[in-house]
Amino acid sequence: MIIETRSPEETFALGEKIGRAALPGQIYTLTGDLGTGKTVFTQGVAAGLGIAGAVNSPTFTIVQVYEEGRLPFYHFDVYRIGDIEEMEEIGYDDYFFGEGICLIEWAELIEEILPEKRISVVIEKDLSQGFDYRRITVKGTEEEPVTADGKKEGAAI
């Protein structure tokens, strides 16, 4: 599924919709260049899970755990991972295979440890379309892409 957003509020709203539909054990990989709106999207996911507090990228801590929502939310930012062993040191598999949802920014840097079953979110900006334009591609690992509400692509959102 490809969604176009034209403001940070729309990007947030998409994340919120995904957060409301998230199920225990889901893993979302989030990729996009610096400044594409990954944090705004993530804040929306957290809001959709019922997390009211501030949500920021855990760039230096690698993972931030939020437990006050309807599901535990494990927010990873692996931009500064130097070696995959750092992920083992923080016990990534407890999060990946836990009862909450994981959202992993810069997931392409740890591709070798990611489970096959995951939902990919790619955020791209195109300045020729306007400063706030974003093209967000969401797809699952099943044969058919998964929409923001967990339905197969082509179904009503």
# chains A, B, ... in the order shown; residues from 1 in each chain; ligands from 1
call {"tool": "residues_around", "arguments": {"residues": "A:Ile2", "least_positions_apart": "5", "cutoff": "9 Å", "atoms": "only C-alpha atoms", "output": "PDB file with N, CA, C and O atoms, in the first residue's frame"}}
result
ATOM      1  N   ARG A 135       5.886  10.037   0.616  1.00  0.00           N
ATOM      2  CA  ARG A 135       5.352   8.824  -0.005  1.00  0.00           C
ATOM      3  C   ARG A 135       5.696   7.700   0.952  1.00  0.00           C
ATOM      4  O   ARG A 135       6.875   7.416   1.190  1.00  0.00           O
ATOM      5  N   ILE A 136       4.674   7.076   1.519  1.00  0.00           N
ATOM      6  CA  ILE A 136       4.873   6.057   2.550  1.00  0.00           C
ATOM      7  C   ILE A 136       4.364   4.722   2.010  1.00  0.00           C
ATOM      8  O   ILE A 136       3.195   4.595   1.658  1.00  0.00           O
ATOM      9  N   THR A 137       5.265   3.768   1.936  1.00  0.00           N
ATOM     10  CA  THR A 137       4.931   2.439   1.445  1.00  0.00           C
ATOM     11  C   THR A 137       4.881   1.487   2.628  1.00  0.00           C
ATOM     12  O   THR A 137       5.839   1.385   3.384  1.00  0.00           O
ATOM     13  N   VAL A 138       3.752   0.809   2.780  1.00  0.00           N
ATOM     14  CA  VAL A 138       3.563  -0.145   3.876  1.00  0.00           C
ATOM     15  C   VAL A 138       3.274  -1.500   3.247  1.00  0.00           C
ATOM     16  O   VAL A 138       2.360  -1.631   2.434  1.00  0.00           O
ATOM     17  N   LYS A 139       4.078  -2.500   3.620  1.00  0.00           N
ATOM     18  CA  LYS A 139       3.791  -3.840   3.117  1.00  0.00           C
ATOM     19  C   LYS A 139       4.270  -4.890   4.112  1.00  0.00           C
ATOM     20  O   LYS A 139       5.227  -4.684   4.845  1.00  0.00           O
ATOM     21  N   THR A 147      -2.358  -3.502   4.704  1.00  0.00           N
ATOM     22  CA  THR A 147      -2.692  -2.089   4.842  1.00  0.00           C
ATOM     23  C   THR A 147      -2.512  -1.657   6.292  1.00  0.00           C
ATOM     24  O   THR A 147      -2.241  -2.459   7.168  1.00  0.00           O
TER      25      THR A 147
END
call {"tool": "residues_around", "arguments": {"residues": "stretch 38-46 of chain A", "least_positions_apart": "5", "cutoff": "7 Å", "atoms": "only C-alpha atoms", "output": "list of chain:residue names"}}
result
A:Pro8, A:Thr11, A:Phe12, A:Ala13, A:Leu14, A:Gly15, A:Glu16, A:Ile18, A:Gly19, A:Ile51, A:Val55, A:Asn56, A:Ser57
call {"tool": "residues_around", "arguments": {"residues": "A:Ala107", "least_positions_apart": "6", "cutoff": "10 Å", "atoms": "only C-alpha atoms", "output": "PyMOL selection string"}}
result
chain A and resi 28-32+76-79+113-114+120-121
call {"tool": "residues_around", "arguments": {"residues": "A:Ser7", "least_positions_apart": "5", "cutoff": "9 Å", "atoms": "only C-alpha atoms", "output": "ChimeraX atom specification"}}
result
/A:12,131-134
call {"tool": "closest_residue", "arguments": {"among": "A:Gly53, A:Asp126, A:Phe96, A:Ile81", "to": "A:Glu68", "atoms": "only C-alpha atoms"}}
result
A:Gly53
call {"tool": "residues_around", "arguments": {"residues": "A:Gly82", "least_positions_apart": "4", "cutoff": "12 Å", "atoms": "only C-alpha atoms", "output": "NGL selection string"}}
result
:A and (60 or 62 or 78 or 86-87 or 109-110)
call {"tool": "write_last_selection", "arguments": {"atoms": "C-alpha atoms", "output": "PDB file, in the first residue's frame"}}
result
ATOM      1  CA  PHE A  60      21.850   6.732  21.927  1.00  0.00           C
ATOM      2  CA  ILE A  62      19.034   1.939  20.989  1.00  0.00           C
ATOM      3  CA  VAL A  78      19.663   1.266  15.340  1.00  0.00           C
ATOM      4  CA  GLU A  86      25.205  -4.778  20.396  1.00  0.00           C
ATOM      5  CA  MET A  87      21.687  -5.960  19.595  1.00  0.00           C
ATOM      6  CA  LEU A 109      21.301  -1.914   9.266  1.00  0.00           C
ATOM      7  CA  ILE A 110      20.303  -5.092  11.136  1.00  0.00           C
TER       8      ILE A 110
END
call {"tool": "select_by_dssp", "arguments": {"residues": "stretch 61-156 of chain A", "states": "strand (DSSP E or B)", "output": "MDAnalysis selection string"}}
result
chainID A and resid 63:66 73:77 101:105 119:125 134:139 146 152
call {"tool": "atom_distance", "arguments": {"atom1": "atom CA of A:Ile84", "atom2": "atom CA of A:Trp106"}}
result
13.2 Å
call {"tool": "select_by_dssp", "arguments": {"residues": "chain A", "states": "helix (DSSP H, G or I)", "output": "PyMOL selection string"}}
result
chain A and resi 8-21+38-48+85-89+92-96+107-113+127-129
